$ cat input_30.cif   # mmCIF, C-alpha atoms and all ligand atoms
data_work
loop_
_atom_site.label_atom_id
_atom_site.label_comp_id
_atom_site.auth_asym_id
_atom_site.auth_seq_id
_atom_site.Cartn_x
_atom_site.Cartn_y
_atom_site.Cartn_z
CA MET U 1 28.67 -14.85 -9.65
CA GLN U 2 28.16 -18.63 -9.45
CA ILE U 3 25.33 -20.34 -11.32
CA THR U 4 26.16 -23.93 -10.47
CA GLU U 5 22.65 -25.00 -9.41
CA SER U 6 21.00 -23.49 -12.50
CA LYS U 7 23.45 -25.39 -14.70
CA LYS U 8 22.68 -28.66 -12.92
CA LEU U 9 18.94 -28.14 -13.18
CA PHE U 10 19.19 -27.19 -16.84
CA GLU U 11 21.22 -30.31 -17.66
CA LYS U 12 18.51 -32.41 -16.06
CA ALA U 13 15.68 -30.42 -17.66
CA VAL U 14 16.94 -30.82 -21.24
CA GLU U 15 16.72 -34.58 -20.82
CA MET U 16 12.99 -34.36 -20.20
CA ILE U 17 11.59 -31.06 -21.48
CA PRO U 18 12.11 -29.78 -25.07
CA GLY U 19 14.94 -27.27 -24.82
CA GLY U 20 14.84 -27.66 -21.04
CA VAL U 21 12.10 -25.06 -20.72
CA ASN U 22 8.33 -24.80 -20.85
CA SER U 23 8.31 -21.67 -23.00
CA PRO U 24 11.00 -21.06 -25.65
CA VAL U 25 12.23 -17.54 -24.80
CA ARG U 26 13.35 -18.79 -21.38
CA ALA U 27 15.94 -21.12 -22.92
CA PHE U 28 18.45 -18.24 -23.41
CA LYS U 29 18.96 -19.40 -27.01
CA ALA U 30 18.62 -15.79 -28.15
CA VAL U 31 21.41 -14.63 -25.83
CA GLY U 32 23.50 -17.75 -25.27
CA GLY U 33 24.52 -19.28 -21.96
CA THR U 34 22.58 -21.23 -19.38
CA PRO U 35 19.10 -20.19 -18.32
CA ILE U 36 18.87 -19.04 -14.72
CA PHE U 37 16.52 -21.09 -12.54
CA PHE U 38 14.74 -19.05 -9.90
CA LYS U 39 13.60 -20.23 -6.53
CA LYS U 40 11.85 -17.15 -5.18
CA ALA U 41 11.14 -13.47 -5.68
CA SER U 42 10.12 -10.61 -3.49
CA GLY U 43 9.24 -7.06 -4.52
CA ALA U 44 11.60 -6.04 -7.31
CA TYR U 45 14.10 -8.83 -6.73
CA LEU U 46 14.54 -12.33 -8.10
CA TYR U 47 16.66 -14.95 -6.30
CA ASP U 48 18.16 -17.82 -8.24
CA GLU U 49 18.92 -21.37 -7.12
CA ASP U 50 22.44 -20.23 -6.14
CA ASP U 51 21.02 -17.39 -4.04
CA ASN U 52 22.16 -14.65 -6.43
CA ARG U 53 19.89 -11.61 -6.39
CA TYR U 54 18.75 -9.77 -9.52
CA ILE U 55 16.72 -6.62 -10.10
CA ASP U 56 13.79 -7.84 -12.17
CA TYR U 57 12.71 -6.17 -15.41
CA ILE U 58 10.38 -8.95 -16.59
CA GLY U 59 7.86 -9.06 -13.77
CA SER U 60 6.59 -12.40 -15.15
CA TRP U 61 6.10 -10.57 -18.47
CA GLY U 62 3.91 -7.89 -16.98
CA PRO U 63 1.67 -8.87 -14.11
CA MET U 64 3.99 -8.06 -11.20
CA LEU U 65 3.12 -4.39 -11.39
CA LEU U 66 3.43 -4.03 -7.61
CA GLY U 67 6.31 -6.46 -7.30
CA HIS U 68 6.56 -10.17 -6.51
CA ALA U 69 4.86 -11.86 -3.58
CA TYR U 70 2.75 -8.79 -2.87
CA PRO U 71 1.43 -9.50 0.64
CA LYS U 72 -2.28 -8.90 -0.08
CA VAL U 73 -2.11 -11.18 -3.12
CA ILE U 74 -0.38 -13.97 -1.19
CA GLU U 75 -2.91 -13.70 1.63
CA ALA U 76 -5.82 -13.83 -0.84
CA VAL U 77 -4.42 -16.92 -2.56
CA GLN U 78 -3.85 -18.68 0.77
CA GLN U 79 -7.41 -17.98 1.87
CA ALA U 80 -8.86 -19.11 -1.46
CA ALA U 81 -6.75 -22.29 -1.49
CA ALA U 82 -8.05 -23.23 1.93
CA ASP U 83 -11.56 -23.17 0.44
CA SER U 84 -10.53 -25.59 -2.39
CA THR U 85 -8.42 -25.10 -5.48
CA SER U 86 -11.13 -25.75 -8.08
CA PHE U 87 -14.87 -26.30 -8.28
CA GLY U 88 -15.81 -26.55 -11.94
CA ALA U 89 -18.92 -24.67 -10.84
CA PRO U 90 -19.71 -20.96 -10.30
CA THR U 91 -18.22 -19.09 -7.35
CA ARG U 92 -18.64 -15.68 -5.75
CA ARG U 93 -15.02 -14.80 -6.59
CA GLU U 94 -15.73 -14.85 -10.36
CA VAL U 95 -18.57 -12.39 -9.92
CA GLU U 96 -16.46 -10.10 -7.75
CA LEU U 97 -13.54 -9.99 -10.20
CA ALA U 98 -15.86 -9.50 -13.20
CA GLU U 99 -17.53 -6.58 -11.42
CA LEU U 100 -14.20 -5.00 -10.53
CA ILE U 101 -12.81 -5.29 -14.07
CA LEU U 102 -15.95 -3.87 -15.67
CA ASP U 103 -15.80 -1.01 -13.18
CA MET U 104 -12.14 -0.27 -13.96
CA VAL U 105 -12.64 -0.48 -17.72
CA PRO U 106 -15.97 1.26 -18.33
CA THR U 107 -15.92 0.58 -22.09
CA LEU U 108 -16.56 -3.12 -21.38
CA ASP U 109 -20.07 -4.52 -20.91
CA LYS U 110 -19.40 -8.23 -20.42
CA ILE U 111 -16.47 -10.49 -19.68
CA ARG U 112 -15.66 -14.22 -19.91
CA MET U 113 -12.78 -15.65 -17.85
CA VAL U 114 -10.43 -18.17 -19.46
CA ASN U 115 -7.01 -19.57 -18.50
CA SER U 116 -4.40 -17.65 -20.48
CA GLY U 117 -3.84 -14.82 -22.91
CA THR U 118 -3.57 -17.36 -25.72
CA GLU U 119 -6.98 -18.73 -24.88
CA ALA U 120 -8.43 -15.23 -24.60
CA CYS U 121 -7.21 -14.19 -28.07
CA MET U 122 -8.20 -17.50 -29.64
CA SER U 123 -11.70 -17.16 -28.20
CA ALA U 124 -12.02 -13.49 -29.11
CA ILE U 125 -11.48 -14.16 -32.82
CA ARG U 126 -13.95 -17.05 -32.71
CA VAL U 127 -16.56 -14.72 -31.23
CA ALA U 128 -15.75 -12.02 -33.80
CA ARG U 129 -16.21 -14.61 -36.55
CA GLY U 130 -19.47 -15.83 -35.06
CA TYR U 131 -20.74 -12.28 -34.67
CA THR U 132 -19.86 -11.08 -38.17
CA GLY U 133 -20.30 -14.35 -40.07
CA ARG U 134 -16.93 -13.65 -41.72
CA HIS U 135 -13.80 -15.85 -41.75
CA LYS U 136 -10.66 -13.78 -42.11
CA ILE U 137 -8.73 -11.82 -39.52
CA LEU U 138 -6.01 -9.22 -39.88
CA LYS U 139 -3.03 -9.16 -37.55
CA PHE U 140 0.18 -7.15 -37.57
CA GLU U 141 3.68 -8.45 -38.30
CA GLY U 142 5.63 -8.92 -35.09
CA ASN U 143 2.52 -8.86 -32.90
CA TYR U 144 2.14 -11.93 -30.73
CA HIS U 145 -1.27 -13.05 -29.54
CA GLY U 146 -0.26 -16.37 -28.02
CA HIS U 147 0.39 -19.64 -29.76
CA ALA U 148 -3.00 -20.53 -31.26
CA ASP U 149 -2.72 -21.52 -34.95
CA SER U 150 -4.33 -18.40 -36.39
CA PHE U 151 -1.74 -16.13 -34.76
CA LEU U 152 1.49 -17.92 -35.61
CA ILE U 153 1.76 -16.06 -38.87
CA LYS U 154 4.55 -13.45 -38.86
CA ALA U 155 4.36 -13.59 -35.07
CA GLY U 156 6.56 -11.76 -32.58
CA SER U 157 8.14 -12.87 -29.30
CA GLY U 158 9.89 -16.28 -29.36
CA ALA U 159 8.58 -17.01 -32.85
CA MET U 160 10.41 -13.92 -34.12
CA THR U 161 13.47 -14.46 -31.95
CA PHE U 162 13.95 -18.01 -33.17
CA GLY U 163 13.35 -17.15 -36.82
CA THR U 164 10.07 -19.07 -37.21
CA PRO U 165 7.52 -16.26 -37.25
CA SER U 166 5.22 -18.55 -39.24
CA SER U 167 5.28 -21.92 -37.50
CA PRO U 168 5.21 -25.38 -39.09
CA GLY U 169 2.11 -27.22 -37.92
CA VAL U 170 -0.24 -24.39 -38.88
CA THR U 171 -2.29 -25.67 -41.81
CA PRO U 172 -2.35 -23.67 -45.06
CA GLY U 173 -6.13 -23.37 -44.63
CA THR U 174 -5.78 -21.64 -41.28
CA ALA U 175 -2.91 -19.48 -42.51
CA ALA U 176 -4.98 -18.36 -45.50
CA ASP U 177 -7.55 -16.86 -43.14
CA THR U 178 -4.97 -14.70 -41.38
CA LEU U 179 -3.95 -11.59 -43.30
CA THR U 180 -1.02 -9.54 -42.07
CA ALA U 181 -0.06 -5.89 -42.32
CA ARG U 182 2.95 -3.82 -41.29
CA HIS U 183 2.56 -2.48 -37.77
CA ASN U 184 1.93 1.27 -37.74
CA ASP U 185 1.18 1.32 -41.50
CA LEU U 186 -2.37 2.62 -41.77
CA GLU U 187 -2.23 3.01 -45.53
CA GLN U 188 -1.53 -0.69 -45.97
CA VAL U 189 -4.46 -1.58 -43.71
CA ARG U 190 -6.67 0.75 -45.74
CA GLN U 191 -5.69 -1.09 -48.93
CA ILE U 192 -6.34 -4.49 -47.34
CA CYS U 193 -9.76 -3.30 -46.15
CA LEU U 194 -10.61 -2.07 -49.64
CA GLU U 195 -9.84 -5.51 -51.02
CA HIS U 196 -10.97 -7.77 -48.16
CA GLY U 197 -13.13 -5.55 -45.93
CA LYS U 198 -16.24 -7.69 -46.40
CA GLU U 199 -14.35 -10.89 -45.50
CA LEU U 200 -12.68 -9.54 -42.36
CA ALA U 201 -14.20 -10.53 -39.03
CA ALA U 202 -11.58 -8.82 -36.90
CA ILE U 203 -8.48 -6.70 -36.74
CA ILE U 204 -6.42 -7.72 -33.72
CA ILE U 205 -3.54 -5.63 -32.44
CA GLU U 206 -1.28 -5.07 -29.45
CA PRO U 207 -2.08 -1.35 -29.02
CA VAL U 208 1.42 -0.93 -27.63
CA ALA U 209 3.40 -3.78 -29.12
CA GLY U 210 5.58 -5.56 -26.57
CA ASN U 211 6.57 -8.71 -28.42
CA MET U 212 9.01 -7.18 -30.91
CA GLY U 213 10.42 -4.93 -28.22
CA CYS U 214 8.28 -2.05 -27.07
CA ILE U 215 6.71 -0.23 -30.03
CA PRO U 216 4.17 2.48 -29.25
CA PRO U 217 1.57 3.39 -31.87
CA GLU U 218 2.35 6.20 -34.32
CA PRO U 219 0.02 9.19 -33.93
CA GLY U 220 -3.28 8.49 -35.68
CA PHE U 221 -2.62 4.78 -36.30
CA LEU U 222 -5.05 3.31 -33.78
CA GLU U 223 -7.60 6.04 -34.49
CA GLY U 224 -7.33 5.09 -38.15
CA LEU U 225 -7.88 1.40 -37.36
CA ARG U 226 -10.94 2.31 -35.33
CA ALA U 227 -12.38 4.30 -38.23
CA LEU U 228 -11.65 1.53 -40.77
CA CYS U 229 -13.30 -1.08 -38.54
CA ASP U 230 -16.39 1.13 -38.24
CA GLU U 231 -16.47 1.71 -41.98
CA HIS U 232 -16.18 -1.97 -42.89
CA GLY U 233 -18.09 -3.57 -40.00
CA ILE U 234 -14.95 -5.23 -38.61
CA VAL U 235 -14.52 -6.09 -34.91
CA LEU U 236 -11.53 -4.23 -33.44
CA ILE U 237 -9.76 -6.37 -30.85
CA PHE U 238 -7.14 -4.90 -28.54
CA ASP U 239 -4.83 -7.54 -27.14
CA GLU U 240 -4.17 -5.98 -23.74
CA VAL U 241 -2.41 -9.01 -22.28
CA MET U 242 0.61 -6.76 -21.67
CA THR U 243 -0.94 -3.30 -21.51
CA GLY U 244 -4.15 -4.00 -19.56
CA PHE U 245 -4.13 -2.51 -16.05
CA ARG U 246 -0.45 -1.65 -16.64
CA LEU U 247 -0.54 1.52 -18.73
CA ALA U 248 -3.57 2.83 -16.84
CA ARG U 249 -6.43 1.36 -14.83
CA GLY U 250 -8.35 1.10 -18.09
CA GLY U 251 -5.25 -0.06 -19.99
CA ALA U 252 -4.28 1.19 -23.44
CA GLN U 253 -7.92 2.00 -24.22
CA GLU U 254 -7.93 4.60 -21.44
CA LEU U 255 -4.42 5.95 -21.97
CA LEU U 256 -4.73 6.28 -25.74
CA GLU U 257 -8.43 7.14 -25.68
CA ILE U 258 -9.49 4.53 -28.25
CA GLU U 259 -12.37 2.17 -27.68
CA ALA U 260 -12.01 -1.39 -28.94
CA ASP U 261 -14.97 -3.73 -29.52
CA LEU U 262 -13.30 -6.65 -27.76
CA VAL U 263 -10.34 -6.68 -25.40
CA THR U 264 -8.21 -9.61 -24.27
CA TYR U 265 -6.38 -9.92 -20.96
CA GLY U 266 -3.90 -12.38 -19.51
CA LYS U 267 -1.85 -13.01 -16.42
CA ILE U 268 -2.28 -9.57 -14.84
CA ILE U 269 -5.92 -10.24 -13.98
CA GLY U 270 -4.67 -13.15 -11.85
CA ALA U 271 -1.65 -11.29 -10.42
CA GLY U 272 0.53 -13.80 -12.29
CA LEU U 273 -1.60 -16.92 -11.85
CA PRO U 274 -2.66 -18.73 -15.03
CA VAL U 275 -5.69 -16.78 -16.21
CA GLY U 276 -7.03 -14.68 -19.03
CA ALA U 277 -10.27 -13.09 -20.15
CA TYR U 278 -11.98 -11.60 -23.16
CA ALA U 279 -14.47 -8.84 -22.78
CA GLY U 280 -16.32 -6.20 -24.71
CA LYS U 281 -19.57 -4.90 -26.07
CA ALA U 282 -22.71 -6.76 -24.92
CA GLU U 283 -23.93 -7.18 -28.48
CA ILE U 284 -20.82 -9.18 -29.35
CA MET U 285 -20.33 -10.96 -26.02
CA ASN U 286 -23.95 -12.16 -26.11
CA CYS U 287 -22.89 -14.44 -28.98
CA VAL U 288 -20.93 -16.53 -26.44
CA SER U 289 -22.43 -19.83 -25.29
CA PRO U 290 -24.74 -20.43 -23.48
CA THR U 291 -26.34 -17.05 -24.30
CA GLY U 292 -25.40 -17.42 -27.94
CA PRO U 293 -24.08 -20.09 -30.30
CA VAL U 294 -20.30 -19.48 -30.17
CA TYR U 295 -18.88 -22.27 -28.04
CA GLN U 296 -16.06 -21.78 -25.54
CA ALA U 297 -15.63 -23.54 -22.19
CA GLY U 298 -13.16 -24.72 -19.53
CA THR U 299 -13.16 -26.42 -16.13
CA LEU U 300 -10.43 -24.14 -14.83
CA SER U 301 -12.01 -20.97 -16.20
CA GLY U 302 -12.66 -18.62 -13.29
CA ASN U 303 -10.38 -20.66 -11.06
CA PRO U 304 -10.81 -19.46 -7.46
CA LEU U 305 -7.09 -18.95 -6.76
CA ALA U 306 -6.63 -16.87 -9.89
CA MET U 307 -9.80 -14.87 -9.17
CA ALA U 308 -8.73 -14.16 -5.60
CA ALA U 309 -5.22 -13.13 -6.61
CA GLY U 310 -6.47 -10.91 -9.42
CA TYR U 311 -9.07 -9.30 -7.19
CA ALA U 312 -6.44 -8.46 -4.58
CA LEU U 313 -4.05 -6.92 -7.12
CA LEU U 314 -6.63 -5.01 -9.17
CA SER U 315 -8.30 -3.69 -5.99
CA GLU U 316 -4.99 -2.10 -5.02
CA LEU U 317 -4.69 -0.49 -8.45
CA HIS U 318 -8.30 0.65 -8.30
CA ALA U 319 -7.89 2.20 -4.87
CA ASN U 320 -4.52 3.84 -5.55
CA PRO U 321 -4.46 5.45 -8.99
CA SER U 322 -1.33 7.41 -7.99
CA ILE U 323 0.58 4.14 -8.56
CA TYR U 324 0.45 4.87 -12.29
CA ASN U 325 2.07 8.30 -11.87
CA GLU U 326 4.74 6.88 -9.60
CA LEU U 327 5.49 4.12 -12.07
CA ASP U 328 5.60 6.52 -14.99
CA GLN U 329 8.00 8.80 -13.11
CA LYS U 330 10.27 5.87 -12.30
CA SER U 331 10.19 4.72 -15.91
CA ALA U 332 11.00 8.24 -17.15
CA TYR U 333 13.88 8.43 -14.65
CA LEU U 334 15.26 5.14 -15.94
CA GLU U 335 14.90 6.26 -19.55
CA LYS U 336 16.72 9.52 -18.88
CA GLY U 337 19.54 7.79 -17.03
CA LEU U 338 19.96 5.16 -19.74
CA ARG U 339 20.03 7.81 -22.45
CA GLU U 340 22.74 9.75 -20.61
CA VAL U 341 24.92 6.66 -20.28
CA LEU U 342 24.38 5.52 -23.87
CA GLU U 343 25.22 9.00 -25.19
CA ARG U 344 28.31 9.24 -23.00
CA ILE U 345 29.74 5.96 -24.24
CA GLY U 346 28.80 6.70 -27.86
CA GLU U 347 26.45 3.75 -28.30
CA GLN U 348 24.14 3.53 -31.34
CA TYR U 349 20.74 3.10 -29.73
CA THR U 350 17.03 3.74 -29.76
CA ILE U 351 14.91 3.67 -26.64
CA ASN U 352 11.17 3.11 -27.01
CA ARG U 353 8.96 3.65 -23.99
CA LEU U 354 5.34 4.11 -23.12
CA GLY U 355 4.57 4.22 -19.41
CA SER U 356 6.26 1.31 -17.67
CA MET U 357 7.02 -0.60 -20.89
CA ILE U 358 10.46 0.23 -22.24
CA ASN U 359 13.47 -1.25 -23.98
CA ILE U 360 16.75 -0.39 -25.62
CA PHE U 361 17.29 -1.34 -29.25
CA PHE U 362 20.88 -1.29 -30.50
CA GLY U 363 21.01 0.73 -33.70
CA SER U 364 20.17 4.39 -34.15
CA HIS U 365 17.26 4.04 -36.60
CA LYS U 366 13.66 4.51 -35.54
CA VAL U 367 12.05 1.19 -34.53
CA GLN U 368 8.37 1.24 -35.42
CA ASP U 369 7.61 -2.20 -36.90
CA PHE U 370 8.80 -5.76 -37.43
CA ASP U 371 11.35 -4.93 -40.15
CA THR U 372 12.96 -2.05 -38.30
CA ALA U 373 13.11 -4.20 -35.13
CA LEU U 374 14.82 -7.01 -37.08
CA LYS U 375 17.45 -4.52 -38.33
CA THR U 376 18.68 -3.80 -34.79
CA ASP U 377 21.97 -5.23 -33.55
CA VAL U 378 21.05 -8.45 -31.78
CA GLU U 379 24.71 -9.35 -31.12
CA ARG U 380 25.14 -6.14 -29.15
CA PHE U 381 22.03 -6.99 -27.18
CA LYS U 382 23.60 -10.33 -26.21
CA ASP U 383 26.67 -8.56 -24.78
CA TYR U 384 24.43 -6.14 -22.97
CA PHE U 385 22.19 -8.86 -21.57
CA HIS U 386 25.10 -10.83 -20.12
CA GLY U 387 26.79 -7.70 -18.80
CA MET U 388 23.59 -6.79 -17.00
CA LEU U 389 23.12 -10.30 -15.65
CA HIS U 390 26.66 -10.23 -14.32
CA ASN U 391 25.81 -6.96 -12.57
CA GLY U 392 22.65 -8.37 -11.00
CA VAL U 393 20.01 -7.08 -13.43
CA TYR U 394 17.65 -9.55 -15.11
CA LEU U 395 16.39 -8.32 -18.48
CA PRO U 396 14.21 -10.31 -20.90
CA PRO U 397 16.58 -12.87 -22.47
CA ALA U 398 15.83 -11.76 -26.04
CA ALA U 399 16.20 -8.50 -27.96
CA PHE U 400 12.58 -8.49 -29.13
CA GLU U 401 10.81 -8.28 -25.80
CA SER U 402 9.64 -5.27 -23.83
CA TRP U 403 10.91 -4.76 -20.31
CA PHE U 404 8.28 -4.31 -17.59
CA LEU U 405 8.88 -2.09 -14.57
CA SER U 406 7.26 -2.65 -11.20
CA ASN U 407 6.41 -0.05 -8.61
CA ALA U 408 8.47 -2.07 -6.14
CA LEU U 409 11.61 -0.73 -7.86
CA THR U 410 13.31 1.95 -5.80
CA TYR U 411 15.27 4.86 -7.22
CA ALA U 412 18.37 3.10 -5.88
CA ASP U 413 17.45 0.07 -8.03
CA LEU U 414 17.07 2.32 -11.05
CA ASP U 415 20.44 3.97 -10.36
CA ALA U 416 21.98 0.51 -10.03
CA THR U 417 20.47 -0.44 -13.40
CA ILE U 418 21.86 2.69 -15.05
CA GLU U 419 25.27 2.05 -13.50
CA ALA U 420 25.14 -1.59 -14.63
CA THR U 421 24.39 -0.41 -18.18
CA GLU U 422 27.51 1.73 -18.14
CA GLN U 423 29.61 -1.19 -16.93
CA ALA U 424 28.03 -3.67 -19.35
CA LEU U 425 28.62 -1.54 -22.43
CA SER U 426 31.79 0.45 -21.68
CA PRO U 427 34.63 -0.32 -24.10
CA SER U 428 37.02 -0.95 -21.19
CA ARG U 429 34.89 -3.80 -19.90
N1 LIG U 501 6.04 -15.04 -24.92
C1 LIG U 501 6.41 -14.43 -23.70
C2 LIG U 501 7.06 -13.13 -23.88
N2 LIG U 501 6.53 -12.27 -24.84
C3 LIG U 501 7.33 -15.29 -22.90
C4 LIG U 501 6.58 -16.25 -22.12
C5 LIG U 501 7.43 -16.96 -21.07
O1 LIG U 501 8.46 -17.50 -21.41
O2 LIG U 501 7.03 -16.94 -19.93
#

$ encode --input "input_30.cif" --output "structure tokens" --more "lines below"
Ligand code: HOZ
Amino acid sequence: MQITESKKLFEKAVEMIPGGVNSPVRAFKAVGGTPIFFKKASGAYLYDEDDNRYIDYIGSWGPMLLGHAYPKVIEAVQQAAADSTSFGAPTRREVELAELILDMVPTLDKIRMVNSGTEACMSAIRVARGYTGRHKILKFEGNYHGHADSFLIKAGSGAMTFGTPSSPGVTPGTAADTLTARHNDLEQVRQICLEHGKELAAIIIEPVAGNMGCIPPEPGFLEGLRALCDEHGIVLIFDEVMTGFRLARGGAQELLEIEADLVTYGKIIGAGLPVGAYAGKAEIMNCVSPTGPVYQAGTLSGNPLAMAAGYALLSELHANPSIYNELDQKSAYLEKGLREVLERIGEQYTINRLGSMINIFFGSHKVQDFDTALKTDVERFKDYFHGMLHNGVYLPPAAFESWFLSNALTYADLDATIEATEQALSPSR
């Protein structure tokens, strides 16, 4: 496999862009080698600048649930673009997408569109603070809620991968308002609430963590958080940037049967275009300006291209709920096949999966939080990643990232992925 063009582009990119990339995980620093530059994608396949084809397990970090360049999405974007790319004024498309989302997630009363998951989470905690009149928030180690200052404290994703889970540039004052707890450790949260319950505006969590690898909630953990939030008057925020509309039409809230007070969304509500939203109970959302005093704004918020793309994708999911069963069956098939191969070759591994979020950790211990994720064998992941790439399978280029399946994957693609795993990890290789 030749990657000449990617190498050339990367050499040029590093001259101009920090690390040659516009988001750190893409730089391949966690796995070594040269980042692949892509020129197009269709369905379950990515094509790089040298025309190599890869089976895609990132799906733009979640939103490509039905595969890349989904025809109805492309058509919707083309039509919207012909009507202008931005107005900075209200449009019908915002109302239509808001209505669709509130219909698909009945626990939500009101929604505000923004431009990214980062913006959504940043705004959600501001609203929670405005609503409660309290200053502190609680987040979980290894959870990643975008790169706003308040969240870059023991953060997952690239921050974890590159060993800077608490970033320089975040002021001590901001950091002091963010408390952290071990993911899946309800007892620790209970203790923190006993001590700081009256100061806490919000508890924010990835209900299924995807930024330290895939880590589903332990039984009773989210239920316990819900109860503690009720007891102490704390706003429970589910960051559903990865899980929203992916695990079920109503996201993790529906699948796990827990109601959050506020929910944040990202790229999936724009079918991969730059968009996000925060939504929730009317009583809280009515604090948002201009109804209430909590300020948050943006010219590109509710951008017509993003609204049109999101409407096209979510309408498909709304109309065809069987997609979720199909995707779950495919994910279960992949999990079973991977387990068989890993057992056969005697690999030390743990597979975590919930619905179409899955990943392999190297190491046989249970992975349920930041510390247990960090104890996995990252060197083995590097070998695996490059072996898979060589065999035409594109995995997230870091050990601490969930994989995302799309319904465009065929069973032949899944078999090819299982076969590639055997080749990538076999001792004879
Ligand atoms: N932080 C994202 C994964 N959890 C990666 C973003 C990107 O590089 O696109």

$ closest_residue --input "input_30.cif" --among "U:Tyr384, U:Tyr411, U:Phe87, U:Phe404" --to "ligand LIG 501 (chain U)" --atoms "all atoms listed in the file"
U:Phe404

$ atom_distance --input "input_30.cif" --atom1 "atom CA of Leu9 of chain U" --atom2 "atom CA of Ala27 of chain U"
12.4 Å

$ closest_atom_pairs --input "input_30.cif" --of "segment 80-135 of chain U" --to "segment 300-320 of chain U" --cutoff "12 Å" --atoms "only C-alpha atoms" --output "Markdown table"
| residue | atom | partner | partner_atom | distance |
| --- | --- | --- | --- | --- |
| U:Ala80 | CA | U:Leu305 | CA | 5.6 |
| U:Ala81 | CA | U:Leu305 | CA | 6.2 |
| U:Ala82 | CA | U:Leu305 | CA | 9.7 |
| U:Asp83 | CA | U:Pro304 | CA | 8.8 |
| U:Ser84 | CA | U:Pro304 | CA | 8.0 |
| U:Thr85 | CA | U:Leu305 | CA | 6.4 |
| U:Ser86 | CA | U:Asn303 | CA | 5.9 |
| U:Phe87 | CA | U:Asn303 | CA | 7.7 |
| U:Gly88 | CA | U:Leu300 | CA | 6.6 |
| U:Ala89 | CA | U:Gly302 | CA | 9.0 |
| U:Pro90 | CA | U:Gly302 | CA | 8.0 |
| U:Thr91 | CA | U:Pro304 | CA | 7.4 |
| U:Arg92 | CA | U:Pro304 | CA | 8.9 |
| U:Arg93 | CA | U:Met307 | CA | 5.8 |
| U:Glu94 | CA | U:Gly302 | CA | 5.7 |
| U:Val95 | CA | U:Met307 | CA | 9.1 |
| U:Glu96 | CA | U:Tyr311 | CA | 7.5 |
| U:Leu97 | CA | U:Tyr311 | CA | 5.4 |
| U:Ala98 | CA | U:Met307 | CA | 9.0 |
| U:Glu99 | CA | U:Tyr311 | CA | 9.8 |
| U:Leu100 | CA | U:Tyr311 | CA | 7.5 |
| U:Ile101 | CA | U:Leu314 | CA | 7.9 |
| U:Leu102 | CA | U:Leu314 | CA | 11.4 |
| U:Asp103 | CA | U:His318 | CA | 9.1 |
| U:Met104 | CA | U:His318 | CA | 6.9 |
| U:Val105 | CA | U:His318 | CA | 10.4 |
| U:Ile111 | CA | U:Gly302 | CA | 11.0 |
| U:Arg112 | CA | U:Gly302 | CA | 8.5 |
| U:Met113 | CA | U:Gly302 | CA | 5.4 |
| U:Val114 | CA | U:Ser301 | CA | 4.6 |
| U:Asn115 | CA | U:Ser301 | CA | 5.7 |
| U:Ser116 | CA | U:Ser301 | CA | 9.3 |
| U:Glu119 | CA | U:Ser301 | CA | 10.3 |
| U:Ala120 | CA | U:Ser301 | CA | 10.8 |

$ closest_atom_pairs --input "input_30.cif" --of "chain U" --to "ligand LIG 501 (chain U)" --cutoff "8 Å" --atoms "only C-alpha atoms and all ligand atoms" --output "tab-separated table"
residue	atom	partner	partner_atom	distance
U:Asn22	CA	U:LIG501	O1	7.3
U:Ser23	CA	U:LIG501	O1	4.5
U:Pro24	CA	U:LIG501	O1	6.1
U:Val25	CA	U:LIG501	O1	5.1
U:Arg26	CA	U:LIG501	O1	5.1
U:Ser60	CA	U:LIG501	O2	6.6
U:Trp61	CA	U:LIG501	C2	6.1
U:Tyr144	CA	U:LIG501	N2	7.4
U:Gly146	CA	U:LIG501	N1	7.1
U:Gly156	CA	U:LIG501	N2	7.8
U:Ser157	CA	U:LIG501	N2	4.8
U:Gly158	CA	U:LIG501	N1	6.0
U:Gly210	CA	U:LIG501	N2	7.0
U:Asn211	CA	U:LIG501	N2	5.0
U:Glu401	CA	U:LIG501	N2	5.9
U:Ser402	CA	U:LIG501	N2	7.7

$ closest_residue --input "input_30.cif" --among "U:Gln368, U:Thr376, U:Asn286, U:Asn391" --to "Ile215 of chain U" --atoms "only C-alpha atoms"
U:Gln368

$ closest_atom_pairs --input "input_30.cif" --of "segment 152-188 of chain U" --to "segment 223-237 of chain U" --cutoff "12 Å" --atoms "only C-alpha atoms" --output "CSV"
residue,atom,partner,partner_atom,distance
U:Ala181,CA,U:Leu225,CA,11.8
U:His183,CA,U:Leu225,CA,11.1
U:Asn184,CA,U:Leu225,CA,9.8
U:Asp185,CA,U:Gly224,CA,9.9
U:Leu186,CA,U:Gly224,CA,6.6
U:Glu187,CA,U:Gly224,CA,9.2
U:Gln188,CA,U:Leu225,CA,10.9

$ closest_residue --input "input_30.cif" --among "U:Glu199, U:Glu343, U:Glu75, U:Glu15" --to "Gly133 of chain U" --atoms "all atoms listed in the file"
U:Glu199

$ closest_residue --input "input_30.cif" --among "U:Pro293, U:Pro165, U:Gly20, U:Gly220" --to "Gly130 of chain U" --atoms "all atoms listed in the file"
U:Pro293

$ closest_residue --input "input_30.cif" --among "U:Ile345, U:Leu409, U:Val294, U:Leu262" --to "Lys110 of chain U" --atoms "only C-alpha atoms"
U:Leu262

$ atom_distance --input "input_30.cif" --atom1 "atom CA of Ser331 of chain U" --atom2 "atom CA of Cys214 of chain U"
13.2 Å

$ atom_distance --input "input_30.cif" --atom1 "atom CA of Ser356 of chain U" --atom2 "atom CA of Gly392 of chain U"
20.2 Å

$ residues_around --input "input_30.cif" --residues "Leu222 of chain U" --least-positions-apart "5" --cutoff "8 Å" --atoms "only C-alpha atoms" --output "list in words"
Pro207, Pro217 and Ile258 of chain U
